[in-house]
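A.B. asks: Coordinates in coords-v3.txt, compact mmCIF, C-alpha atoms, are listed below.
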```
# COMPACT_ATOMS: atom_id res chain seq x y z
CA MET B 3 -43.95 46.01 123.67
CA LYS B 4 -41.48 44.50 126.10
CA ASP B 5 -40.33 46.73 128.93
CA PHE B 6 -36.52 46.76 128.96
CA SER B 7 -36.28 49.64 131.43
CA ASN B 8 -34.14 49.31 134.54
CA GLN B 9 -35.40 46.41 136.62
CA ILE B 10 -34.58 45.43 140.18
CA LEU B 11 -33.35 41.86 139.81
CA ASN B 12 -32.43 39.96 142.94
CA ARG B 13 -28.83 38.83 143.51
CA ASN B 14 -26.30 38.48 146.30
CA ALA B 15 -24.72 41.65 147.64
CA ASP B 16 -21.28 40.79 146.25
CA ARG B 17 -22.77 40.78 142.75
CA ASP B 18 -24.97 43.84 143.21
CA VAL B 19 -22.96 46.06 140.85
CA GLU B 20 -23.86 49.06 138.68
CA ILE B 21 -22.42 50.58 135.53
CA THR B 22 -21.28 54.12 136.29
CA ASP B 23 -19.76 55.22 132.97
CA ILE B 24 -19.08 54.12 129.39
CA GLN B 25 -16.25 55.75 127.44
CA THR B 26 -14.71 55.37 123.99
CA CYS B 27 -11.27 55.85 122.48
CA VAL B 28 -10.49 55.59 118.76
CA VAL B 29 -6.94 54.37 118.22
CA ASP B 30 -5.37 55.12 114.84
CA GLY B 31 -3.73 51.83 113.89
CA ASN B 32 -3.75 50.34 110.41
CA PHE B 33 -7.51 50.73 110.93
CA GLU B 34 -9.50 52.96 113.27
CA TRP B 35 -9.85 50.73 116.34
CA ASN B 36 -12.95 51.62 118.38
CA LEU B 37 -12.13 50.80 122.02
CA ILE B 38 -14.83 50.88 124.71
CA LYS B 39 -14.36 51.12 128.48
CA ILE B 40 -17.07 50.32 131.03
CA GLU B 41 -16.65 51.52 134.62
CA THR B 42 -18.57 50.21 137.64
CA ASP B 43 -19.23 51.17 141.26
CA ALA B 44 -17.25 48.08 142.30
CA GLY B 45 -14.07 49.68 140.99
CA VAL B 46 -13.90 47.08 138.21
CA THR B 47 -13.31 48.30 134.67
CA GLY B 48 -13.95 46.33 131.47
CA ILE B 49 -12.51 46.91 128.01
CA GLY B 50 -14.00 45.94 124.65
CA GLU B 51 -13.69 46.73 120.97
CA SER B 52 -16.12 47.43 118.14
CA TYR B 53 -15.31 47.01 114.47
CA ARG B 54 -13.36 49.80 112.82
CA GLY B 55 -14.75 52.98 111.33
CA GLY B 56 -16.93 56.01 112.03
CA GLY B 57 -20.22 56.42 113.85
CA VAL B 58 -19.55 53.91 116.63
CA THR B 59 -18.49 56.36 119.34
CA GLU B 60 -21.68 58.41 118.93
CA LEU B 61 -23.85 55.31 119.23
CA VAL B 62 -21.98 54.08 122.30
CA GLU B 63 -22.48 57.50 123.88
CA TYR B 64 -26.22 57.20 123.25
CA THR B 65 -26.42 53.89 125.16
CA LYS B 66 -25.37 55.65 128.37
CA ARG B 67 -28.95 56.97 128.54
CA PHE B 68 -30.22 53.53 129.51
CA LEU B 69 -27.16 51.44 130.52
CA ILE B 70 -25.90 53.63 133.38
CA GLY B 71 -27.15 52.03 136.61
CA GLU B 72 -27.60 48.58 135.06
CA ASN B 73 -25.84 45.51 136.40
CA PRO B 74 -22.97 44.59 134.03
CA LEU B 75 -23.27 40.89 134.93
CA ASP B 76 -26.49 40.68 132.89
CA VAL B 77 -24.51 40.59 129.64
CA GLU B 78 -27.13 38.95 127.41
CA ARG B 79 -30.01 41.01 128.78
CA LEU B 80 -28.14 44.28 128.27
CA TYR B 81 -27.13 43.29 124.74
CA ARG B 82 -30.79 42.72 123.93
CA ARG B 83 -31.74 45.96 125.63
CA ILE B 84 -29.41 47.89 123.31
CA ILE B 85 -31.13 46.32 120.30
CA GLN B 86 -34.60 47.05 121.70
CA GLU B 87 -33.90 50.60 122.82
CA MET B 88 -32.22 51.48 119.51
CA SER B 89 -34.46 49.55 117.13
CA GLY B 90 -35.68 52.85 115.73
CA HIS B 91 -32.07 53.74 114.92
CA GLY B 92 -31.59 50.67 112.75
CA GLY B 93 -30.89 48.65 115.86
CA THR B 94 -31.37 45.20 114.37
CA THR B 95 -28.42 45.54 111.99
CA GLY B 96 -25.58 47.81 110.93
CA LYS B 97 -23.62 50.22 113.10
CA VAL B 98 -25.90 49.82 116.13
CA ILE B 99 -24.99 46.13 116.28
CA THR B 100 -21.34 47.04 115.77
CA ALA B 101 -21.49 49.39 118.76
CA ALA B 102 -23.38 46.79 120.78
CA SER B 103 -20.67 44.24 119.96
CA GLY B 104 -17.94 46.28 121.62
CA ILE B 105 -20.11 47.01 124.66
CA GLU B 106 -20.96 43.31 124.98
CA ILE B 107 -17.27 42.37 124.92
CA ALA B 108 -16.49 44.95 127.61
CA LEU B 109 -19.36 43.54 129.71
CA TRP B 110 -17.85 40.04 129.49
CA ASP B 111 -14.54 41.50 130.67
CA VAL B 112 -16.25 43.14 133.66
CA ALA B 113 -18.19 39.97 134.48
CA GLY B 114 -15.08 37.81 134.37
CA LYS B 115 -13.22 40.16 136.69
CA ILE B 116 -16.07 40.38 139.19
CA LEU B 117 -16.59 36.60 139.22
CA ASP B 118 -12.82 35.93 139.08
CA VAL B 119 -12.89 33.68 136.00
CA PRO B 120 -11.66 34.06 132.41
CA VAL B 121 -14.25 34.94 129.79
CA TYR B 122 -14.00 31.56 128.05
CA GLN B 123 -15.30 29.98 131.29
CA LEU B 124 -18.36 32.22 131.16
CA LEU B 125 -18.91 31.18 127.55
CA GLY B 126 -19.10 27.52 128.51
CA GLY B 127 -15.57 26.27 129.04
CA LYS B 128 -12.42 25.38 127.16
CA PHE B 129 -11.81 23.16 124.12
CA ARG B 130 -8.20 24.25 123.54
CA ASP B 131 -5.31 25.92 125.36
CA GLU B 132 -4.12 27.99 122.41
CA VAL B 133 -5.64 29.45 119.28
CA ARG B 134 -3.95 29.16 115.90
CA ILE B 135 -3.51 32.42 113.99
CA TYR B 136 -3.40 33.05 110.27
CA CYS B 137 -1.52 36.14 109.15
CA ASP B 138 -3.17 38.47 106.65
CA CYS B 139 -0.27 39.57 104.43
CA HIS B 140 0.37 42.23 101.81
CA ALA B 141 2.93 41.81 99.06
CA GLY B 142 5.47 44.55 98.31
CA GLU B 143 6.93 47.29 100.48
CA ALA B 144 4.29 49.49 102.08
CA TYR B 145 4.93 53.23 102.18
CA ALA B 146 1.55 54.59 103.26
CA VAL B 147 -1.58 53.40 105.00
CA GLU B 148 -4.70 55.52 104.61
CA ASP B 149 -8.34 54.62 105.29
CA GLY B 150 -7.39 51.02 105.74
CA TYR B 151 -5.78 50.61 102.33
CA THR B 152 -2.06 50.00 101.88
CA GLU B 153 -0.17 51.58 98.99
CA TYR B 154 3.16 50.32 97.75
CA ALA B 155 6.37 51.97 96.61
CA ASP B 156 7.45 49.00 94.50
CA ALA B 157 5.96 49.00 90.99
CA ASP B 158 6.12 45.20 91.05
CA ALA B 159 4.31 44.97 94.39
CA TYR B 160 1.54 42.88 92.85
CA SER B 161 3.81 40.54 90.94
CA PRO B 162 3.73 36.81 91.73
CA LYS B 163 7.33 37.11 92.96
CA ALA B 164 6.42 39.84 95.46
CA TYR B 165 3.66 37.64 96.89
CA ALA B 166 6.03 34.68 97.15
CA ASN B 167 8.70 36.77 98.88
CA GLU B 168 6.26 38.07 101.47
CA ALA B 169 4.90 34.59 102.06
CA ARG B 170 8.39 33.35 102.84
CA ARG B 171 9.08 36.30 105.18
CA VAL B 172 5.88 35.71 107.18
CA LEU B 173 6.39 31.96 107.21
CA ASP B 174 9.80 32.52 108.78
CA MET B 175 8.05 34.37 111.64
CA GLY B 176 6.46 31.10 112.70
CA PHE B 177 3.00 31.31 111.14
CA THR B 178 1.56 28.12 109.63
CA ALA B 179 -1.34 29.79 107.83
CA LEU B 180 -1.37 32.83 105.52
CA LYS B 181 -3.87 34.94 103.61
CA PHE B 182 -3.34 37.47 100.83
CA ASP B 183 -5.62 39.89 99.00
CA LEU B 184 -6.30 38.74 95.45
CA ASP B 185 -8.33 41.72 94.23
CA LEU B 186 -6.08 44.00 92.16
CA GLU B 187 -6.22 47.25 90.21
CA MET B 188 -6.12 45.34 86.94
CA ASP B 189 -9.52 43.86 87.82
CA ASN B 190 -11.04 47.19 86.77
CA ASP B 191 -9.86 46.81 83.16
CA PRO B 192 -11.67 47.24 80.82
CA ASP B 193 -14.73 48.11 82.99
CA PRO B 194 -14.52 49.10 86.68
CA PHE B 195 -18.22 48.55 87.42
CA ASN B 196 -19.56 45.26 86.12
CA GLY B 197 -17.50 42.87 88.27
CA ARG B 198 -16.33 40.89 85.27
CA LEU B 199 -12.80 39.52 85.20
CA SER B 200 -10.84 39.29 81.97
CA ASN B 201 -9.00 36.10 81.12
CA GLY B 202 -5.76 38.00 81.68
CA ALA B 203 -6.79 39.06 85.19
CA ILE B 204 -7.74 35.51 86.12
CA GLU B 205 -4.47 34.16 84.72
CA HIS B 206 -2.47 36.73 86.70
CA LYS B 207 -4.24 35.63 89.89
CA ARG B 208 -3.51 32.01 89.09
CA GLU B 209 0.17 32.88 88.65
CA ILE B 210 0.19 34.62 92.04
CA VAL B 211 -1.33 31.60 93.77
CA GLU B 212 1.04 29.25 91.96
CA ALA B 213 4.09 31.32 92.94
CA VAL B 214 3.11 31.36 96.62
CA ARG B 215 2.40 27.63 96.61
CA GLU B 216 5.77 26.90 95.01
CA GLU B 217 7.47 29.01 97.67
CA ILE B 218 5.73 27.63 100.78
CA GLY B 219 4.61 24.18 99.68
CA TYR B 220 1.32 22.45 100.41
CA ASN B 221 1.72 21.84 104.15
CA ILE B 222 1.04 25.52 104.87
CA ASP B 223 -2.59 26.66 104.91
CA LEU B 224 -3.14 29.38 102.29
CA ALA B 225 -6.18 31.57 101.66
CA PHE B 226 -6.98 34.51 99.39
CA ASP B 227 -9.48 37.36 99.86
CA CYS B 228 -11.37 39.00 96.97
CA HIS B 229 -13.38 41.64 98.91
CA TRP B 230 -16.77 41.13 97.23
CA ASP B 231 -15.64 42.40 93.84
CA TYR B 232 -16.82 39.90 91.23
CA SER B 233 -19.87 38.76 89.32
CA VAL B 234 -21.12 35.20 89.79
CA GLU B 235 -19.67 33.94 86.52
CA SER B 236 -16.26 35.52 87.19
CA ALA B 237 -16.24 34.12 90.71
CA LYS B 238 -16.91 30.65 89.32
CA ARG B 239 -14.21 30.97 86.65
CA LEU B 240 -11.64 32.14 89.19
CA ALA B 241 -12.51 29.43 91.72
CA HIS B 242 -12.25 26.73 89.04
CA LYS B 243 -8.82 28.00 87.97
CA LEU B 244 -7.53 27.75 91.54
CA GLU B 245 -8.85 24.28 92.40
CA GLU B 246 -5.50 22.58 91.83
CA TYR B 247 -3.75 24.66 94.52
CA ASP B 248 -5.62 23.21 97.54
CA LEU B 249 -6.48 26.54 99.12
CA MET B 250 -7.67 26.80 102.70
CA TRP B 251 -10.38 29.01 101.23
CA LEU B 252 -11.24 31.73 98.71
CA GLU B 253 -12.97 34.57 100.55
CA ASP B 254 -15.73 37.02 99.70
CA LEU B 255 -15.87 36.45 95.96
CA ILE B 256 -19.14 38.28 95.32
CA PRO B 257 -21.11 41.09 97.01
CA PRO B 258 -22.60 39.94 100.33
CA GLU B 259 -26.30 40.75 100.01
CA ASN B 260 -27.61 37.91 97.84
CA MET B 261 -27.43 34.58 99.68
CA ASP B 262 -28.73 32.59 96.69
CA ALA B 263 -25.95 33.94 94.49
CA GLN B 264 -23.39 33.07 97.18
CA THR B 265 -24.74 29.52 97.35
CA GLU B 266 -24.51 29.21 93.56
CA VAL B 267 -20.81 30.12 93.64
CA THR B 268 -19.99 27.86 96.57
CA LYS B 269 -21.64 24.80 95.10
CA ALA B 270 -20.02 25.32 91.68
CA THR B 271 -16.42 24.71 92.80
CA LYS B 272 -14.21 22.35 94.77
CA THR B 273 -12.26 25.34 96.10
CA PRO B 274 -13.52 26.01 99.67
CA VAL B 275 -15.42 29.30 99.88
CA ALA B 276 -15.56 31.56 102.96
CA THR B 277 -17.72 34.57 103.78
CA GLY B 278 -19.62 36.25 106.62
CA GLU B 279 -17.63 39.19 107.98
CA ASN B 280 -20.13 41.91 107.07
CA ARG B 281 -23.31 40.15 108.12
CA PHE B 282 -25.13 41.17 111.32
CA ARG B 283 -26.53 38.86 114.01
CA VAL B 284 -27.35 35.21 113.62
CA HIS B 285 -30.42 35.98 111.51
CA GLU B 286 -28.33 37.19 108.55
CA LEU B 287 -26.16 34.06 108.51
CA SER B 288 -28.56 31.24 109.38
CA ASN B 289 -29.93 30.57 105.90
CA LEU B 290 -26.45 30.69 104.38
CA ILE B 291 -25.31 28.06 106.86
CA TYR B 292 -28.34 25.76 106.61
CA ASP B 293 -28.28 25.93 102.79
CA HIS B 294 -24.53 25.16 102.78
CA GLY B 295 -23.99 28.36 100.83
CA VAL B 296 -20.56 28.66 102.41
CA ASP B 297 -17.85 26.17 103.38
CA ILE B 298 -16.19 28.17 106.17
CA VAL B 299 -18.20 30.87 107.95
CA THR B 300 -16.24 34.00 108.94
CA PRO B 301 -18.32 36.33 111.15
CA ASP B 302 -16.56 39.23 112.85
CA PRO B 303 -17.41 39.17 116.58
CA THR B 304 -16.88 42.94 116.83
CA THR B 305 -19.44 43.44 114.06
CA VAL B 306 -21.96 40.62 114.27
CA GLY B 307 -23.17 41.22 117.83
CA GLY B 308 -20.36 40.21 120.15
CA LEU B 309 -19.20 36.93 121.62
CA GLY B 310 -22.62 35.52 122.54
CA GLU B 311 -24.04 36.17 119.09
CA THR B 312 -20.99 34.61 117.43
CA MET B 313 -21.49 31.51 119.56
CA ARG B 314 -25.08 31.24 118.30
CA ILE B 315 -23.73 31.37 114.75
CA ALA B 316 -21.13 28.76 115.63
CA ASP B 317 -23.86 26.49 117.02
CA ARG B 318 -25.69 26.57 113.68
CA ALA B 319 -22.46 25.97 111.82
CA GLU B 320 -21.69 22.99 114.06
CA GLU B 321 -25.11 21.51 113.29
CA ASN B 322 -24.00 21.53 109.66
CA TYR B 323 -20.45 20.25 110.34
CA MET B 324 -19.00 23.58 109.25
CA PRO B 325 -15.88 25.26 110.72
CA ILE B 326 -15.89 28.87 111.89
CA SER B 327 -12.88 31.17 111.45
CA PRO B 328 -13.68 34.67 112.75
CA HIS B 329 -12.67 37.71 110.76
CA ASN B 330 -10.47 39.96 112.91
CA VAL B 331 -8.82 43.29 112.06
CA CYS B 332 -8.73 44.44 115.68
CA SER B 333 -6.24 45.76 118.15
CA PRO B 334 -4.99 43.31 120.80
CA ILE B 335 -8.21 43.93 122.76
CA GLY B 336 -10.63 42.62 120.16
CA THR B 337 -8.13 39.94 119.20
CA MET B 338 -8.03 38.58 122.75
CA ALA B 339 -11.83 38.59 122.89
CA CYS B 340 -11.75 36.36 119.80
CA VAL B 341 -9.18 34.10 121.49
CA HIS B 342 -11.63 33.39 124.34
CA LEU B 343 -14.27 32.67 121.73
CA GLY B 344 -11.88 30.30 119.97
CA ALA B 345 -11.27 28.48 123.23
CA ALA B 346 -14.99 27.95 123.84
CA ILE B 347 -16.21 26.87 120.37
CA PRO B 348 -15.79 23.21 119.33
CA ASN B 349 -15.84 23.91 115.58
CA PHE B 350 -13.44 26.86 115.77
CA ASP B 351 -10.63 26.61 113.19
CA LEU B 352 -8.24 29.59 113.24
CA LEU B 353 -8.23 33.36 113.82
CA GLU B 354 -7.13 36.22 111.61
CA TYR B 355 -4.29 38.61 112.51
CA HIS B 356 -4.20 41.76 110.38
CA ALA B 357 -1.71 44.15 111.98
CA LEU B 358 1.69 42.95 110.83
CA GLU B 359 2.66 46.45 109.70
CA VAL B 360 1.80 48.04 113.10
CA ASP B 361 5.11 47.86 114.94
CA TRP B 362 3.56 49.14 118.21
CA TRP B 363 0.70 46.60 118.26
CA ASP B 364 2.20 44.74 121.22
CA ASP B 365 2.74 48.02 123.11
CA LEU B 366 -1.02 48.53 123.47
CA TYR B 367 -1.33 46.05 126.32
CA THR B 368 0.48 45.70 129.61
CA ARG B 369 2.39 42.45 129.15
CA ASP B 370 6.08 41.77 128.71
CA GLU B 371 5.81 39.00 126.12
CA PRO B 372 4.30 39.24 122.61
CA LEU B 373 0.71 38.09 122.25
CA ILE B 374 1.46 35.88 119.23
CA GLU B 375 4.16 33.21 119.58
CA ASP B 376 4.99 30.93 116.63
CA GLY B 377 1.61 31.54 115.04
CA TYR B 378 -0.46 30.85 118.19
CA ILE B 379 -2.01 32.85 121.04
CA GLU B 380 -2.24 31.16 124.41
CA VAL B 381 -5.69 31.30 126.01
CA PRO B 382 -5.24 33.39 129.19
CA GLU B 383 -6.22 32.20 132.65
CA GLU B 384 -6.49 35.66 134.20
CA PRO B 385 -10.00 36.95 135.03
CA GLY B 386 -11.94 38.64 132.25
CA LEU B 387 -10.24 38.95 128.89
CA GLY B 388 -6.85 38.52 130.54
CA ILE B 389 -5.44 41.60 128.86
CA GLU B 390 -5.22 45.21 130.03
CA LEU B 391 -4.99 48.22 127.76
CA ASP B 392 -2.00 50.54 128.18
CA GLU B 393 -4.00 53.75 128.09
CA ALA B 394 -0.91 55.92 127.70
CA VAL B 395 -0.03 54.14 124.44
CA ALA B 396 -3.65 54.36 123.32
CA LYS B 397 -3.55 58.10 123.99
CA ASP B 398 -0.32 58.47 122.01
CA HIS B 399 -1.99 56.85 119.01
CA ARG B 400 -5.44 58.36 119.45
CA LEU B 401 -7.18 59.32 116.21
CA GLU B 402 -6.67 63.00 115.52
CA GLY B 403 -9.71 65.06 116.42
CA THR B 404 -11.11 62.59 118.97
CA ASP B 405 -11.07 62.85 122.76
CA GLY B 406 -10.21 59.36 123.97
CA PHE B 407 -10.71 58.07 127.52
CA ASP B 408 -10.78 60.44 130.48
```
Show how you would write the structure in this file as C-alpha cells.
C.D. replies:
Amino acid sequence: MKDFSNQILNRNADRDVEITDIQTCVVDGNFEWNLIKIETDAGVTGIGESYRGGGVTELVEYTKRFLIGENPLDVERLYRRIIQEMSGHGGTTGKVITAASGIEIALWDVAGKILDVPVYQLLGGKFRDEVRIYCDCHAGEAYAVEDGYTEYADADAYSPKAYANEARRVLDMGFTALKFDLDLEMDNDPDPFNGRLSNGAIEHKREIVEAVREEIGYNIDLAFDCHWDYSVESAKRLAHKLEEYDLMWLEDLIPPENMDAQTEVTKATKTPVATGENRFRVHELSNLIYDHGVDIVTPDPTTVGGLGETMRIADRAEENYMPISPHNVCSPIGTMACVHLGAAIPNFDLLEYHALEVDWWDDLYTRDEPLIEDGYIEVPEEPGLGIELDEAVAKDHRLEGTDGFD
C-alpha cells in the first residue's frame, strides 16, 4: 500500500508553506452552497466550493486529520491523498469526491496567491479572455424555493407562453444561451414510476420548445434539461419530436447509471444529447466519451473531483472532438473556479449559471461590478481565483443550524 503520510519534500524557503486550518460554511442560497476555506502559516487563505447538499462539511472536517501540516502547493498530491486516506469511506466516488473537489479548488486558490499567478495559468494557460454563460431559467413567477426546487404561484407556470415570456426576459438581460427544465408534473400521469411519457406529455413539451423558439428565434442557443426521468423508449420519442428545433442539447434524459442505455439514446437521434453532472472522477466518464455515448459532456467540477480531474475529462473529450460544458449550480466562488477552467480548456463551450432568482448573489464577493456582463464572465488576472468571499454576507445567509467560518 502506498504511503501517503506527511512527507518532507524539498523546496525553496519561499514556498515552504503549511496548511494550518480547514473550515466550512454552508450558505443558504437557492441551493446549499458548501464553501471551504484553507488557512496557511504564510497568512494566505484560499476559498473553494463543493457541490450542494449534506454530508460535505463532516467529510471536510475529517480531512484535517491528515491535511494539517501539508504543503498546499502540492495540489494534485493532496487530492490523491484524500482519495487514498478515505478509500474506506467510499473515497473513490460519491460525497468523498465532492468534498475533495471543494478542497482541491481552495488549494488552487492558495497556490495561485502564493505564486502570484491566476489559477488558469497553473492549469496550463489561457485559450480565451472571457467565458460565455448560459442561463438556467424557470418559467412562471416563483414564490418559494425549498430543497432546491422552485414552486410557482401562477397556475399556468408550465404553459408554453410562460416559458416564452421568461425566455424573452432573460434574453433582454444580455444572455445568448438559455436552458429550461422540461420535466413536468404531468410526466407522472398515469404512472409516476415507470418513466414512460404519454403522447400528450411529449406533445406538451414540443409545444413548449416551439413557443420558446418562436419567441427567441434560432440564433440563440437553447437547451432543455430532463433530470434523468425517462425510459429509453420515451427518451428516444421525445428527442425525435424535438429534432426540428435545433436545440443546443437535450440533457439527462435517462437515469445516469447505465452507460450502454445512454449510448443507445444518443445514437438514436439527431438532437444533441448532454450528460455527466452526477458522475465521479474521470473513470466514470471515460467509456461514455470513447463510445460517443454523449454529444456534449457536462461534468460538475465541484462534484467530479475538482479542476484537475475535470481537465482530465476534457482531455478525453478533446481526443474525441467533443465539447465540454460544465454543470454549475454554485455560488460566485465555484462559478469563478469554473471560469478559470473554461479559460484553460481548448474544447470548452459555455458555462451554466443557475442563480437568477438569488438577488444577493453578487453581494457574496468583494467586487463593485457584477460578475456576469452581457452573458459573459471575464477571466480574472488577479492571483488565485481572483475573487474574495465577503464573509459577512456569507454569515448573514448561513444555513440555519450550521456554524460557518470562525
A.B. asks: Would you mind listing what lies within 12 Å of B:Ser200 as a PyMOL selection string, with only C-alpha atoms counted and same-chain residues fewer than 2 positions away left out?
C.D. replies: chain B and resi 188-194+196-198+202-207+232-233+235-237+239-240
A.B. asks: With distances taken over all atoms listed in the file, which residue among B:Ala241, B:Ala213, B:Val112, B:Leu124 lies nearest B:Ser161?
C.D. replies: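 The shortest atom-to-atom distance to B:Ser161 comes from B:Ala213.
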A.B. asks: In Å, with one decimal, what is the gap from atom CA of B:Glu259 to atom CA of B:Leu61?
C.D. replies: 24.2 Å
A.B. asks: Would you kindly return, as a PDB file with C-alpha atoms, in the coordinates of the input, each protein, DNA or RNA residue with an atom no farther than 7 Å from any atom of stretch 131-133 of chain B, considering all atoms listed in the file and excluding same-chain residues fewer than 3 positions away?
C.D. replies:
```pdb
ATOM      1  CA  VAL B 341      -9.180  34.100 121.490  1.00  0.00           C
ATOM      2  CA  GLY B 344     -11.880  30.300 119.970  1.00  0.00           C
ATOM      3  CA  ALA B 345     -11.270  28.480 123.230  1.00  0.00           C
ATOM      4  CA  LEU B 352      -8.240  29.590 113.240  1.00  0.00           C
ATOM      5  CA  TYR B 378      -0.460  30.850 118.190  1.00  0.00           C
ATOM      6  CA  ILE B 379      -2.010  32.850 121.040  1.00  0.00           C
ATOM      7  CA  GLU B 380      -2.240  31.160 124.410  1.00  0.00           C
ATOM      8  CA  VAL B 381      -5.690  31.300 126.010  1.00  0.00           C
TER       9      VAL B 381
END
```
A.B. asks: Taking into account all atoms listed in the file, which residue in the set B:Ala169, B:Leu75, B:Leu252, B:Leu199 is nearest to B:Lys115?
C.D. replies: B:Leu75
A.B. asks: Considering only C-alpha atoms, state which residue in the set B:Glu393, B:Tyr247, B:Gly307, B:His242 is at the smallest distance from B:Lys269.
C.D. replies: B:His242
A.B. asks: Report the distance between atom CA of B:Ile315 and atom CA of B:Leu117 in Å, rounded to one decimal place.
C.D. replies: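 If I compute the distance from atom CA of B:Ile315 to atom CA of B:Leu117, I get 26.0 Å.
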A.B. asks: What lies within 12 Å of stretch 260-262 of chain B using only C-alpha atoms, ignoring chain neighbours under 5 positions off, as a PyMOL selection string?
C.D. replies: chain B and resi 230+233-234+254-255+267-269+277-278+281+286-296
A.B. asks: Sorted by chain and rising residue number, which residues of stretch 309-389 of chain B lie within 12 Å of stretch 10-31 of chain B, and what are their closest atom pairs and distances in Å to one decimal, counting all atoms listed in the file, as a Markdown table?
C.D. replies:
```
| residue | atom | partner | partner_atom | distance |
| --- | --- | --- | --- | --- |
| B:Val331 | CA | B:Gly31 | CA | 10.1 |
| B:Cys332 | CA | B:Gly31 | CA | 9.1 |
| B:Ser333 | CA | B:Gly31 | CA | 7.8 |
| B:Pro334 | CA | B:Gly31 | CA | 11.0 |
| B:Ile335 | CA | B:Val29 | CA | 11.5 |
| B:His356 | CA | B:Gly31 | CA | 10.7 |
| B:Ala357 | CA | B:Gly31 | CA | 8.2 |
| B:Leu358 | CA | B:Gly31 | CA | 10.8 |
| B:Glu359 | CA | B:Gly31 | CA | 9.3 |
| B:Val360 | CA | B:Gly31 | CA | 6.8 |
| B:Asp361 | CA | B:Gly31 | CA | 9.7 |
| B:Trp362 | CA | B:Gly31 | CA | 8.9 |
| B:Trp363 | CA | B:Gly31 | CA | 8.1 |
| B:Asp364 | CA | B:Gly31 | CA | 11.8 |
| B:Asp365 | CA | B:Gly31 | CA | 11.9 |
| B:Leu366 | CA | B:Val29 | CA | 9.8 |
```
A.B. asks: My list of candidates is B:Glu245, B:Glu321, B:Glu212, B:Glu217. Which is closest to B:Glu168 when distances are computed with all atoms listed in the file?
C.D. replies: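 Closest residue, counting all atoms listed in the file: B:Glu217.
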A.B. asks: Measuring between only C-alpha atoms, which one of B:Gln86, B:Thr265, B:Thr59, B:Thr47 shows the shortest distance to B:Gly114?
C.D. replies: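 Of all the options, B:Thr47 lies closest to B:Gly114.
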A.B. asks: Restricting the calculation to all atoms listed in the file: of B:Ile116, B:Phe226, B:Ser89, B:Lys238, which residue gets closest to B:Tyr165?
C.D. replies: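 Closest candidate: B:Phe226.
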A.B. asks: Quick one: residues within 9 Å of B:Met88, only C-alpha atoms, excluding same-chain residues fewer than 5 positions away - as a tab-separated table (two decimals) with C-alpha atoms, keeping the file's coordinate frame?
C.D. replies:
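For reference, selection_7.tsv as written:
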```
chain	number	residue	atom	x	y	z
B	65	THR	CA	-26.42	53.89	125.16
B	83	ARG	CA	-31.74	45.96	125.63
B	93	GLY	CA	-30.89	48.65	115.86
B	94	THR	CA	-31.37	45.20	114.37
B	98	VAL	CA	-25.90	49.82	116.13
```
A.B. asks: When you draw a straight line from atom CA of B:Leu109 to atom CA of B:Asn32, how long is it in Å?
C.D. replies: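 Going from atom CA of B:Leu109 over to atom CA of B:Asn32 covers 25.7 Å.
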A.B. asks: Neighbouring residues of B:Glu51 were defined as those with any atom within 9 Å, considering only C-alpha atoms; residues of the same chain fewer than 5 positions away were excluded. Please report them as a ChimeraX atom specification.
C.D. replies: /B:35-39,101,103-108,304,332-333,335-337,339
A.B. asks: Please return, as a PyMOL selection string, all polymer residues that have at least one atom within 9 Å of the point (1.7, 40.7, 97.5); use only C-alpha atoms and the file's own coordinate frame.
C.D. replies: chain B and resi 139-143+159-169+182-184+210
